[in-house]
$ cat work34.txt   # compact mmCIF, C-alpha atoms
# COMPACT_ATOMS: atom_id res chain seq x y z
CA MET A 2 0.00 0.00 0.00
CA LEU A 3 2.81 2.36 0.89
CA GLY A 4 4.46 1.70 -2.47
CA VAL A 5 1.25 2.61 -4.29
CA ALA A 6 0.71 5.69 -2.15
CA LEU A 7 4.28 6.86 -2.66
CA LEU A 8 4.26 6.53 -6.45
CA VAL A 9 0.87 8.23 -6.75
CA PHE A 10 2.06 10.94 -4.36
CA ARG A 11 5.21 11.64 -6.39
CA GLU A 12 3.35 12.00 -9.66
CA VAL A 13 0.51 14.01 -8.14
CA LEU A 14 3.01 16.26 -6.39
CA GLU A 15 4.66 17.23 -9.67
CA ALA A 16 1.36 18.12 -11.30
CA ALA A 17 0.05 19.78 -8.12
CA LEU A 18 3.03 22.13 -7.88
CA ILE A 19 2.52 23.31 -11.45
CA VAL A 20 -1.23 23.71 -10.94
CA THR A 21 -0.56 25.67 -7.75
CA VAL A 22 1.78 28.16 -9.39
CA VAL A 23 -0.72 28.62 -12.22
CA ALA A 24 -3.59 29.05 -9.78
CA ALA A 25 -1.63 31.68 -7.87
CA ALA A 26 -0.63 33.47 -11.07
CA THR A 27 -4.27 33.77 -12.14
CA ARG A 28 -5.44 35.07 -8.80
CA GLY A 29 -8.28 37.55 -9.23
CA VAL A 30 -9.13 36.43 -12.74
CA ALA A 31 -12.79 35.87 -13.45
CA ARG A 32 -13.89 32.22 -13.45
CA ARG A 33 -10.41 31.09 -12.48
CA GLY A 34 -11.79 28.06 -10.64
CA THR A 35 -13.54 26.94 -13.80
CA PHE A 36 -10.36 27.38 -15.79
CA VAL A 37 -8.15 25.46 -13.38
CA GLY A 38 -10.79 22.79 -12.72
CA GLY A 39 -11.41 22.43 -16.44
CA GLY A 40 -7.68 22.09 -17.04
CA ILE A 41 -7.43 19.33 -14.45
CA ALA A 42 -10.47 17.51 -15.90
CA LEU A 43 -9.08 17.74 -19.44
CA GLY A 44 -5.72 16.53 -18.14
CA VAL A 45 -7.26 13.48 -16.49
CA ILE A 46 -9.09 12.53 -19.69
CA GLY A 47 -5.90 13.14 -21.66
CA ALA A 48 -3.91 11.01 -19.22
CA ILE A 49 -6.20 8.04 -19.77
CA VAL A 50 -6.03 8.45 -23.55
CA VAL A 51 -2.23 8.73 -23.48
CA ALA A 52 -1.96 5.67 -21.23
CA VAL A 53 -4.18 3.62 -23.55
CA PHE A 54 -2.03 4.60 -26.54
CA ALA A 55 1.29 4.43 -24.68
CA GLY A 56 2.41 1.45 -26.72
CA ALA A 57 1.62 3.12 -30.04
CA ILE A 58 3.19 6.43 -28.97
CA GLY A 59 6.34 4.59 -27.91
CA GLU A 60 6.68 2.81 -31.25
CA ALA A 61 6.13 5.96 -33.31
CA VAL A 62 9.01 7.90 -34.91
CA GLY A 63 11.42 4.97 -34.92
CA GLY A 64 10.86 4.13 -31.26
CA SER A 65 11.45 7.68 -30.06
CA GLY A 66 7.77 8.62 -29.99
CA GLN A 67 7.59 8.73 -26.23
CA GLU A 68 10.50 11.15 -25.89
CA LEU A 69 9.22 13.37 -28.68
CA PHE A 70 5.73 13.34 -27.23
CA ASN A 71 7.01 14.33 -23.80
CA ALA A 72 9.31 17.00 -25.20
CA SER A 73 6.49 18.43 -27.32
CA VAL A 74 4.09 18.56 -24.38
CA LEU A 75 6.74 20.24 -22.23
CA LEU A 76 7.74 22.78 -24.86
CA ALA A 77 4.10 23.57 -25.61
CA ALA A 78 3.66 24.34 -21.92
CA VAL A 79 6.80 26.52 -22.03
CA VAL A 80 5.43 28.55 -24.96
CA MET A 81 2.09 29.03 -23.21
CA ILE A 82 3.72 30.14 -19.98
CA GLY A 83 5.91 32.50 -22.01
CA TRP A 84 2.82 33.96 -23.59
CA HIS A 85 1.20 34.49 -20.23
CA VAL A 86 4.14 36.12 -18.47
CA THR A 87 4.73 38.58 -21.30
CA TRP A 88 1.03 39.40 -21.32
CA MET A 89 1.03 39.76 -17.54
CA SER A 90 3.90 42.23 -17.73
CA SER A 91 1.64 44.67 -19.54
CA HIS A 92 -1.49 43.98 -17.49
CA GLY A 93 -0.24 42.92 -14.08
CA LYS A 94 -0.50 46.38 -12.56
CA GLU A 95 -4.10 46.74 -13.66
CA MET A 96 -4.86 43.36 -12.18
CA VAL A 97 -3.48 44.43 -8.84
CA ARG A 98 -5.43 47.68 -8.98
CA HIS A 99 -8.66 45.93 -9.77
CA MET A 100 -8.29 42.89 -7.58
CA GLN A 101 -11.85 43.15 -6.34
CA GLN A 102 -13.71 44.21 -9.43
CA VAL A 103 -13.23 42.39 -12.67
CA THR A 104 -12.47 44.86 -15.43
CA ASP A 105 -12.78 44.50 -19.15
CA GLU A 106 -8.99 44.56 -19.33
CA VAL A 107 -8.69 41.50 -17.12
CA LYS A 108 -11.49 39.78 -18.98
CA ALA A 109 -9.62 40.47 -22.20
CA GLY A 110 -6.79 38.50 -20.71
CA SER A 111 -8.82 35.33 -20.84
CA SER A 112 -6.92 34.23 -23.92
CA SER A 113 -3.78 34.28 -21.81
CA VAL A 114 -5.62 32.52 -19.00
CA ALA A 115 -6.80 29.89 -21.46
CA MET A 116 -3.12 29.27 -22.17
CA LEU A 117 -2.58 28.58 -18.49
CA LEU A 118 -5.57 26.24 -18.49
CA ALA A 119 -3.76 24.30 -21.18
CA VAL A 120 -0.59 24.28 -19.05
CA VAL A 121 -2.60 22.74 -16.20
CA ALA A 122 -4.11 20.18 -18.56
CA LEU A 123 -0.71 19.24 -20.00
CA ALA A 124 0.88 18.88 -16.56
CA VAL A 125 -1.91 16.63 -15.33
CA LEU A 126 -1.85 14.67 -18.58
CA ARG A 127 1.86 13.93 -18.38
CA GLU A 128 2.02 12.87 -14.75
CA GLY A 129 -1.44 11.32 -14.80
CA SER A 130 -0.69 8.96 -17.64
CA GLU A 131 2.11 7.42 -15.57
CA ILE A 132 -0.29 6.91 -12.67
CA VAL A 133 -2.82 5.28 -14.99
CA LEU A 134 -0.20 2.89 -16.42
CA PHE A 135 1.13 2.07 -12.99
CA LEU A 136 -2.33 1.39 -11.57
CA TYR A 137 -3.29 -0.65 -14.60
CA GLY A 138 -0.20 -2.77 -14.03
CA MET A 139 -0.95 -3.15 -10.35
CA ALA A 140 -4.50 -4.20 -11.06
CA ALA A 141 -3.42 -6.58 -13.85
CA SER A 142 -0.82 -8.27 -11.68
CA GLY A 143 -3.45 -8.92 -9.07
CA ALA A 144 -2.39 -6.43 -6.44
CA GLY A 145 -4.67 -6.36 -3.46
CA GLN A 146 -7.69 -4.13 -3.89
CA VAL A 147 -7.10 -2.84 -0.39
CA ASP A 148 -3.66 -1.65 -1.47
CA LEU A 149 -5.11 0.29 -4.37
CA LEU A 150 -8.18 1.56 -2.59
CA THR A 151 -6.16 2.97 0.29
CA GLY A 152 -2.90 3.78 -1.50
CA VAL A 153 -4.35 5.85 -4.33
CA PRO A 154 -6.46 8.23 -2.19
CA LEU A 155 -3.60 8.55 0.28
CA GLY A 156 -1.08 9.49 -2.42
CA LEU A 157 -3.55 11.80 -4.13
CA ALA A 158 -4.46 13.55 -0.89
CA GLY A 159 -0.80 13.95 0.03
CA GLY A 160 0.12 15.53 -3.30
CA VAL A 161 -2.86 17.86 -3.30
CA ALA A 162 -2.15 18.85 0.31
CA VAL A 163 1.39 19.96 -0.60
CA GLY A 164 -0.08 21.97 -3.48
CA PHE A 165 -2.51 23.74 -1.15
CA ALA A 166 0.23 24.38 1.40
CA LEU A 167 2.32 26.08 -1.29
CA TYR A 168 -0.70 28.05 -2.46
CA PHE A 169 -1.50 29.44 0.97
CA GLY A 170 2.17 30.14 1.47
CA LEU A 171 2.19 32.19 -1.72
CA LEU A 172 -0.90 34.12 -0.62
CA ARG A 173 1.20 35.60 2.18
CA ILE A 174 3.22 37.55 -0.34
CA PRO A 175 2.14 41.22 -0.20
CA ILE A 176 -0.23 41.98 -3.05
CA ARG A 177 1.95 44.62 -4.72
CA HIS A 178 4.73 42.07 -5.11
CA PHE A 179 2.41 39.16 -5.71
CA PHE A 180 2.29 39.01 -9.50
CA THR A 181 5.98 39.85 -9.78
CA ALA A 182 6.63 36.81 -7.61
CA THR A 183 4.27 34.49 -9.46
CA ASN A 184 5.63 35.70 -12.80
CA TRP A 185 9.15 34.84 -11.69
CA MET A 186 7.95 31.47 -10.48
CA LEU A 187 6.39 30.87 -13.89
CA VAL A 188 9.66 31.84 -15.60
CA LEU A 189 11.64 29.39 -13.46
CA LEU A 190 8.98 26.73 -13.94
CA ALA A 191 9.11 27.19 -17.71
CA ALA A 192 12.91 27.09 -17.73
CA GLY A 193 12.78 23.81 -15.80
CA LEU A 194 10.20 22.28 -18.13
CA SER A 195 12.36 23.33 -21.06
CA SER A 196 15.39 21.64 -19.49
CA THR A 197 13.38 18.44 -19.00
CA ALA A 198 12.30 18.60 -22.64
CA ALA A 199 15.99 18.78 -23.58
CA ARG A 200 16.65 15.67 -21.48
CA PHE A 201 14.04 13.73 -23.46
CA LEU A 202 15.50 14.92 -26.78
CA ILE A 203 18.97 13.84 -25.62
CA GLN A 204 17.55 10.47 -24.53
CA ALA A 205 16.08 10.04 -28.03
CA ASN A 206 19.44 11.03 -29.53
CA TRP A 207 17.85 13.99 -31.26
CA LEU A 208 20.07 16.49 -29.49
CA PRO A 209 23.69 16.21 -28.39
CA ALA A 210 24.14 16.15 -24.61
CA LEU A 211 26.98 18.75 -24.64
CA GLY A 212 28.48 17.07 -21.61
CA ASN A 213 26.38 14.39 -20.01
CA GLN A 214 26.88 15.38 -16.40
CA LEU A 215 28.11 18.93 -15.96
CA TRP A 216 28.25 18.55 -12.21
CA ASP A 217 26.99 16.20 -9.53
CA THR A 218 25.18 17.61 -6.51
CA SER A 219 23.26 14.42 -5.74
CA TRP A 220 25.18 14.21 -2.46
CA LEU A 221 23.60 17.52 -1.50
CA LEU A 222 20.13 17.14 -2.97
CA SER A 223 19.12 14.04 -4.89
CA ASN A 224 16.39 14.21 -7.51
CA ARG A 225 14.92 11.10 -5.87
CA SER A 226 14.33 12.96 -2.63
CA LEU A 227 11.02 14.75 -2.25
CA VAL A 228 12.64 18.16 -1.85
CA GLY A 229 14.82 17.45 -4.88
CA GLN A 230 11.78 16.45 -6.85
CA ALA A 231 9.83 19.55 -5.81
CA MET A 232 12.79 21.75 -6.73
CA HIS A 233 13.01 19.92 -10.04
CA VAL A 234 9.45 20.97 -10.86
CA LEU A 235 9.61 24.49 -9.46
CA VAL A 236 13.01 25.67 -10.73
CA GLY A 237 14.26 22.79 -12.89
CA TYR A 238 16.80 21.50 -10.39
CA GLU A 239 18.91 18.61 -11.67
CA ALA A 240 21.55 16.89 -9.52
CA HIS A 241 23.62 16.18 -12.64
CA PRO A 242 22.35 18.05 -15.69
CA ALA A 243 23.53 17.65 -19.25
CA GLY A 244 25.06 20.71 -20.92
CA MET A 245 22.15 20.94 -23.34
CA GLN A 246 19.71 21.05 -20.45
CA LEU A 247 21.52 24.04 -19.04
CA VAL A 248 21.42 25.71 -22.47
CA PHE A 249 17.66 25.15 -22.69
CA TRP A 250 17.17 26.42 -19.14
CA MET A 251 19.17 29.58 -19.70
CA VAL A 252 17.76 30.38 -23.14
CA THR A 253 14.18 29.95 -21.89
CA ALA A 254 14.77 32.03 -18.78
CA ALA A 255 16.53 34.74 -20.82
CA VAL A 256 13.86 34.87 -23.54
CA LEU A 257 11.03 35.11 -21.02
CA PHE A 258 12.91 37.69 -18.97
CA ILE A 259 13.56 39.85 -22.02
CA GLY A 260 9.96 39.34 -23.16
CA MET A 261 8.68 40.54 -19.79
CA ARG A 262 11.01 43.54 -19.83
CA LEU A 263 10.06 44.54 -23.37
CA MET A 264 6.37 44.32 -22.57
CA THR A 265 6.74 46.31 -19.37
CA ARG A 266 8.63 49.08 -21.18
CA HIS A 267 6.13 48.95 -24.01
CA THR A 268 3.27 49.51 -21.58
CA THR A 269 5.09 52.26 -19.69
CA ALA A 270 5.93 54.06 -22.93
CA ARG A 271 2.33 53.81 -24.08
CA GLY A 272 1.04 55.19 -20.77
CA GLY A 273 3.58 58.05 -20.86
CA GLY A 274 2.60 58.99 -24.37
CA ARG A 275 -0.96 59.35 -23.33
CA ALA A 276 -0.12 61.61 -20.38
CA ARG A 277 2.16 63.99 -22.23
CA PRO A 278 1.21 66.02 -25.29
CA ARG A 279 1.90 64.16 -28.51
CA GLN A 280 5.15 64.87 -30.24
CA ALA A 281 5.58 64.97 -33.99
CA ALA A 282 3.11 62.65 -35.63
CA SER A 283 5.51 61.85 -38.45
CA PRO A 284 6.62 58.35 -37.25
CA GLU A 285 3.03 57.21 -37.08
CA GLY A 286 2.26 58.79 -40.41
CA SER A 287 5.21 57.20 -42.14
CA ARG A 288 4.37 53.80 -40.65
CA ALA A 289 0.84 54.10 -41.93
CA GLY A 290 2.20 55.11 -45.30
CA ARG A 291 4.44 52.07 -45.43
CA ALA A 292 1.60 49.80 -44.53
CA THR A 293 -0.43 50.75 -47.58
CA MET B 25 -1.06 39.57 -29.81
CA THR B 26 1.81 41.87 -30.65
CA ARG B 27 4.78 40.97 -32.78
CA LYS B 28 6.80 40.54 -29.60
CA HIS B 29 4.41 37.88 -28.40
CA TRP B 30 4.99 36.03 -31.61
CA ALA B 31 8.72 36.52 -31.41
CA VAL B 32 8.82 34.88 -27.98
CA GLY B 33 6.63 32.02 -29.12
CA LEU B 34 8.55 31.40 -32.31
CA THR B 35 11.92 31.51 -30.58
CA LEU B 36 10.74 28.86 -28.15
CA LEU B 37 9.36 26.77 -30.99
CA GLY B 38 12.67 27.15 -32.77
CA LEU B 39 14.25 25.21 -29.93
CA LEU B 40 12.34 22.18 -31.20
CA ALA B 41 14.18 22.19 -34.50
CA GLY B 42 17.61 21.49 -33.07
CA PRO B 43 20.29 19.48 -34.83
CA THR B 44 19.83 15.73 -34.92
CA ALA B 45 22.71 13.47 -34.06
CA GLN B 46 23.31 10.27 -35.98
CA ALA B 47 22.80 6.95 -34.21
CA GLY B 48 25.79 5.48 -36.07
CA ASP B 49 27.59 2.41 -34.86
CA MET B 50 27.33 2.77 -31.14
CA PRO B 51 27.52 -0.12 -28.68
CA GLU B 52 24.19 -1.72 -27.97
CA TYR B 53 23.06 -3.68 -24.93
CA GLU B 54 20.00 -5.74 -24.19
CA LEU B 55 17.94 -5.70 -21.02
CA VAL B 56 14.88 -7.80 -20.38
CA ILE B 57 12.23 -7.20 -17.76
CA ARG B 58 10.91 -10.61 -16.73
CA ASN B 59 8.87 -11.42 -13.65
CA GLN B 60 9.38 -7.82 -12.56
CA GLN B 61 13.15 -8.17 -12.54
CA PHE B 62 15.93 -7.02 -14.83
CA VAL B 63 17.78 -9.74 -16.74
CA PRO B 64 20.70 -9.28 -16.49
CA SER B 65 20.68 -7.09 -13.41
CA THR B 66 24.22 -5.89 -14.10
CA LEU B 67 25.19 -4.18 -17.32
CA LYS B 68 28.70 -3.17 -18.37
CA ALA B 69 29.44 -0.31 -20.73
CA PRO B 70 32.58 1.57 -21.79
CA ALA B 71 33.37 4.98 -20.28
CA ASN B 72 33.17 8.18 -22.34
CA THR B 73 31.13 6.50 -25.05
CA LYS B 74 27.53 7.01 -26.02
CA PHE B 75 25.66 3.72 -26.18
CA LYS B 76 22.15 2.43 -26.39
CA VAL B 77 20.23 0.01 -24.27
CA ARG B 78 17.31 -1.90 -25.68
CA VAL B 79 14.82 -2.75 -22.95
CA THR B 80 12.25 -5.46 -23.61
CA ASN B 81 9.30 -5.91 -21.31
CA GLU B 82 8.25 -9.58 -21.31
CA ASP B 83 5.78 -9.07 -18.49
CA ARG B 84 2.10 -8.43 -18.92
CA THR B 85 2.27 -5.19 -16.96
CA PRO B 86 3.74 -1.79 -17.97
CA ALA B 87 7.17 -0.88 -16.65
CA GLU B 88 9.23 2.30 -16.53
CA PHE B 89 12.95 1.97 -17.07
CA GLU B 90 14.38 4.76 -14.95
CA SER B 91 17.61 6.01 -13.45
CA SER B 92 18.29 9.18 -11.55
CA ASP B 93 22.00 8.31 -11.60
CA PHE B 94 22.24 8.59 -15.38
CA ASN B 95 19.07 10.63 -15.74
CA ARG B 96 16.81 8.58 -17.95
CA GLU B 97 13.18 7.46 -17.85
CA LYS B 98 11.13 5.60 -20.39
CA ILE B 99 7.92 3.62 -20.20
CA VAL B 100 8.02 0.09 -21.61
CA THR B 101 4.55 -1.26 -22.34
CA PRO B 102 3.95 -5.03 -22.12
CA GLY B 103 5.55 -7.00 -24.93
CA ASN B 104 7.38 -3.99 -26.32
CA THR B 105 11.03 -3.05 -26.74
CA VAL B 106 12.31 0.50 -26.35
CA THR B 107 15.68 2.05 -27.05
CA VAL B 108 17.30 4.43 -24.61
CA PHE B 109 20.44 6.37 -25.49
CA ILE B 110 22.81 6.80 -22.58
CA GLY B 111 26.10 8.58 -21.93
CA PRO B 112 28.88 9.28 -22.55
CA LEU B 113 29.38 8.57 -18.85
CA ASP B 114 32.36 8.70 -16.51
CA LYS B 115 33.62 5.52 -14.88
CA GLY B 116 31.50 4.39 -12.01
CA GLN B 117 28.39 2.56 -10.91
CA TYR B 118 24.96 3.80 -11.86
CA ARG B 119 21.77 2.35 -10.46
CA PHE B 120 18.62 1.89 -12.52
CA PHE B 121 15.19 0.53 -11.64
CA ASP B 122 11.66 -0.05 -12.85
CA ASP B 123 9.74 2.85 -11.39
CA PHE B 124 6.57 0.76 -11.26
CA HIS B 125 8.23 -2.18 -9.47
CA GLN B 126 10.94 -0.60 -7.37
CA ASP B 127 11.01 -3.38 -4.80
CA THR B 128 12.03 -6.11 -7.22
CA ALA B 129 13.31 -4.60 -10.45
CA ARG B 130 16.69 -3.03 -9.72
CA GLY B 131 19.95 -3.14 -11.59
CA VAL B 132 23.39 -1.59 -11.82
CA LEU B 133 25.19 -0.17 -14.83
CA ILE B 134 28.94 -0.49 -14.46
CA VAL B 135 30.84 1.97 -16.62
CA GLU B 136 34.55 1.14 -16.94
$ encode --input "work34.txt" --output "structure tokens"
Amino acid sequence: MLGVALLVFREVLEAALIVTVVAAATRGVARRGTFVGGGIALGVIGAIVVAVFAGAIGEAVGGSGQELFNASVLLAAVVMIGWHVTWMSSHGKEMVRHMQQVTDEVKAGSSSVAMLLAVVALAVLREGSEIVLFLYGMAASGAGQVDLLTGVPLGLAGGVAVGFALYFGLLRIPIRHFFTATNWMLVLLAAGLSSTAARFLIQANWLPALGNQLWDTSWLLSNRSLVGQAMHVLVGYEAHPAGMQLVFWMVTAAVLFIGMRLMTRHTTARGGGRARPRQAASPEGSRAGRAT
Amino acid sequence: MTRKHWAVGLTLLGLLAGPTAQAGDMPEYELVIRNQQFVPSTLKAPANTKFKVRVTNEDRTPAEFESSDFNREKIVTPGNTVTVFIGPLDKGQYRFFDDFHQDTARGVLIVE
């Protein structure tokens, strides 16, 4: 029973941490519960479908289907998070200002929030499909029903509890720093997902490793430990990363950081323009001229 | 959806289209999962060389070939064989296991 509970807990924990960061990042958004709940529901359905077709996925693309599937799911999530954080950089302040009342501006952000719904769905799908396969195997090999009926809820409850604990911890961040914090968490999360995608592409021999183990800090924090695993999800911690993983991590973090900065400046410039009297209209005019 | 949005998205997508390495003539090793155990449970491979391990699952239940020591994980559905590329690794011992049957299915990769 403990074995079942532990495996379910580990997989649920990974998904729960991602869902938690997303839930925090969409704080104050209209119908957020529906979005997050919908994402989880879609993810569970997806997990079952992926588990059923695990054999076929594995055999696809010359036997590298599983790695490519995982890498694609991870990179899709990275793109969606990137989209959201850049969007947030131009709307975050308004969200803070209008925490209580939902404005049109925030509503307009629902396309970005839909992206985060997809991130939730993808996270649940990826971890969930492993749980489904594992449980199927347990059931098929005649594991005791008691083991499954107590182990699964126990593992699930444990993982969800850690997610909630993190969520309420995050809520303690003062509101004016809140979205800055969640945005940074999303950037680190995305960088980590990107690094994991690189690991799958290396495993499939689609990418060179660029040094298989750059360093080894497993003596300090092993990826098998629960803290190591949580850090792996939240910031992409690897006890012994490949060089390519580090490249993916840094490029993703840098691109998202620059994207956030550009959008912030863009918004500030736009706001400033409105406040001050307009300068020469020629740039706008010439741009319009070029467009025709 | 500004151009910058697209630029960020496209750059990230561009990461997908990385260079592909050739499989070439690299050493190949066979592992079988039978009765929720690895056969053989000890595998030897050369140091500083990329190699591949073909894992066949003869059981009727899914397995996941996994190692945190050499950082790999791959599901092996019943009756299927998967290929996992590993290394180049330094000399040493690396543990691997079946994530779904950790009590029984354990093995060691000896790199020398």
$ interface_residues --input "work34.txt" --of "chain A" --to "chain B" --cutoff "7 Å" --atoms "only C-alpha atoms" --output "PDB file with C-alpha atoms, keeping the file's coordinate frame"
ATOM      1  CA  ALA A  55       1.290   4.430 -24.680  1.00  0.00           C
ATOM      2  CA  GLY A  56       2.410   1.450 -26.720  1.00  0.00           C
ATOM      3  CA  GLY A  64      10.860   4.130 -31.260  1.00  0.00           C
ATOM      4  CA  VAL A  80       5.430  28.550 -24.960  1.00  0.00           C
ATOM      5  CA  TRP A  84       2.820  33.960 -23.590  1.00  0.00           C
ATOM      6  CA  LEU A 134      -0.200   2.890 -16.420  1.00  0.00           C
ATOM      7  CA  PHE A 135       1.130   2.070 -12.990  1.00  0.00           C
ATOM      8  CA  GLY A 138      -0.200  -2.770 -14.030  1.00  0.00           C
ATOM      9  CA  ALA A 141      -3.420  -6.580 -13.850  1.00  0.00           C
ATOM     10  CA  SER A 142      -0.820  -8.270 -11.680  1.00  0.00           C
ATOM     11  CA  GLN A 204      17.550  10.470 -24.530  1.00  0.00           C
ATOM     12  CA  ALA A 205      16.080  10.040 -28.030  1.00  0.00           C
ATOM     13  CA  ASN A 206      19.440  11.030 -29.530  1.00  0.00           C
ATOM     14  CA  TRP A 207      17.850  13.990 -31.260  1.00  0.00           C
ATOM     15  CA  LEU A 208      20.070  16.490 -29.490  1.00  0.00           C
ATOM     16  CA  PRO A 209      23.690  16.210 -28.390  1.00  0.00           C
ATOM     17  CA  ASN A 213      26.380  14.390 -20.010  1.00  0.00           C
ATOM     18  CA  ASN A 224      16.390  14.210  -7.510  1.00  0.00           C
ATOM     19  CA  ARG A 225      14.920  11.100  -5.870  1.00  0.00           C
ATOM     20  CA  VAL A 256      13.860  34.870 -23.540  1.00  0.00           C
ATOM     21  CA  GLY A 260       9.960  39.340 -23.160  1.00  0.00           C
TER      22      GLY A 260
END
$ closest_residue --input "work34.txt" --among "A:Ala140, A:Leu202, A:Leu235, A:Leu247" --to "Met186 (chain A)" --atoms "all atoms listed in the file"
A:Leu235
$ atom_distance --input "work34.txt" --atom1 "CA of Tyr118 (chain B)" --atom2 "CA of Arg130 (chain B)"
10.9 Å
$ atom_distance --input "work34.txt" --atom1 "CA of Glu136 (chain B)" --atom2 "CA of Lys68 (chain B)"
7.4 Å
$ atom_distance --input "work34.txt" --atom1 "CA of Arg28 (chain A)" --atom2 "CA of Met81 (chain A)"
17.3 Å
$ residues_around --input "work34.txt" --residues "Gly131 (chain B)" --least-positions-apart "6" --cutoff "12 Å" --atoms "all atoms listed in the file" --output "PyMOL selection string"
chain B and resi 55-57+60-68+89-91+93+117-123+125
$ residues_around --input "work34.txt" --residues "region 112-126 of chain A" --least-positions-apart "3" --cutoff "6 Å" --atoms "only C-alpha atoms" --output "list in words"
Ala16, Val20, Phe36, Val37, Gly40, Ile41, Leu43, Gly44, Val45, Gly47, Ala48, Ala78, Met81, His85, Gly129 and Ser130 of chain A
$ residues_around --input "work34.txt" --residues "Val5 (chain A)" --least-positions-apart "6" --cutoff "12 Å" --atoms "only C-alpha atoms" --output "JSON, numbers by chain"
{"A": [11, 12, 132, 133, 135, 136, 137, 138, 139, 140, 144, 145, 146, 147, 148, 149, 150, 151, 152, 153, 154, 155, 156, 157], "B": [123, 124, 125, 126, 127]}
$ closest_residue --input "work34.txt" --among "B:Ala71, B:Ala129, B:Lys115, B:Val79" --to "Asn59 (chain B)" --atoms "only C-alpha atoms"
B:Ala129
$ decode --input "work34.txt" --residues "region 52-94 of chain B" --atoms "C-alpha atoms" --output "compact mmCIF listing (two decimals), in the first residue's frame"
# COMPACT_ATOMS: atom_id res chain seq x y z
CA GLU B 52 24.19 -1.72 -27.97
CA TYR B 53 23.06 -3.68 -24.93
CA GLU B 54 20.00 -5.74 -24.19
CA LEU B 55 17.94 -5.70 -21.02
CA VAL B 56 14.88 -7.80 -20.38
CA ILE B 57 12.23 -7.20 -17.76
CA ARG B 58 10.91 -10.61 -16.73
CA ASN B 59 8.87 -11.42 -13.65
CA GLN B 60 9.38 -7.82 -12.56
CA GLN B 61 13.15 -8.17 -12.54
CA PHE B 62 15.93 -7.02 -14.83
CA VAL B 63 17.78 -9.74 -16.74
CA PRO B 64 20.70 -9.28 -16.49
CA SER B 65 20.68 -7.09 -13.41
CA THR B 66 24.22 -5.89 -14.10
CA LEU B 67 25.19 -4.18 -17.32
CA LYS B 68 28.70 -3.17 -18.37
CA ALA B 69 29.44 -0.31 -20.73
CA PRO B 70 32.58 1.57 -21.79
CA ALA B 71 33.37 4.98 -20.28
CA ASN B 72 33.17 8.18 -22.34
CA THR B 73 31.13 6.50 -25.05
CA LYS B 74 27.53 7.01 -26.02
CA PHE B 75 25.66 3.72 -26.18
CA LYS B 76 22.15 2.43 -26.39
CA VAL B 77 20.23 0.01 -24.27
CA ARG B 78 17.31 -1.90 -25.68
CA VAL B 79 14.82 -2.75 -22.95
CA THR B 80 12.25 -5.46 -23.61
CA ASN B 81 9.30 -5.91 -21.31
CA GLU B 82 8.25 -9.58 -21.31
CA ASP B 83 5.78 -9.07 -18.49
CA ARG B 84 2.10 -8.43 -18.92
CA THR B 85 2.27 -5.19 -16.96
CA PRO B 86 3.74 -1.79 -17.97
CA ALA B 87 7.17 -0.88 -16.65
CA GLU B 88 9.23 2.30 -16.53
CA PHE B 89 12.95 1.97 -17.07
CA GLU B 90 14.38 4.76 -14.95
CA SER B 91 17.61 6.01 -13.45
CA SER B 92 18.29 9.18 -11.55
CA ASP B 93 22.00 8.31 -11.60
CA PHE B 94 22.24 8.59 -15.38
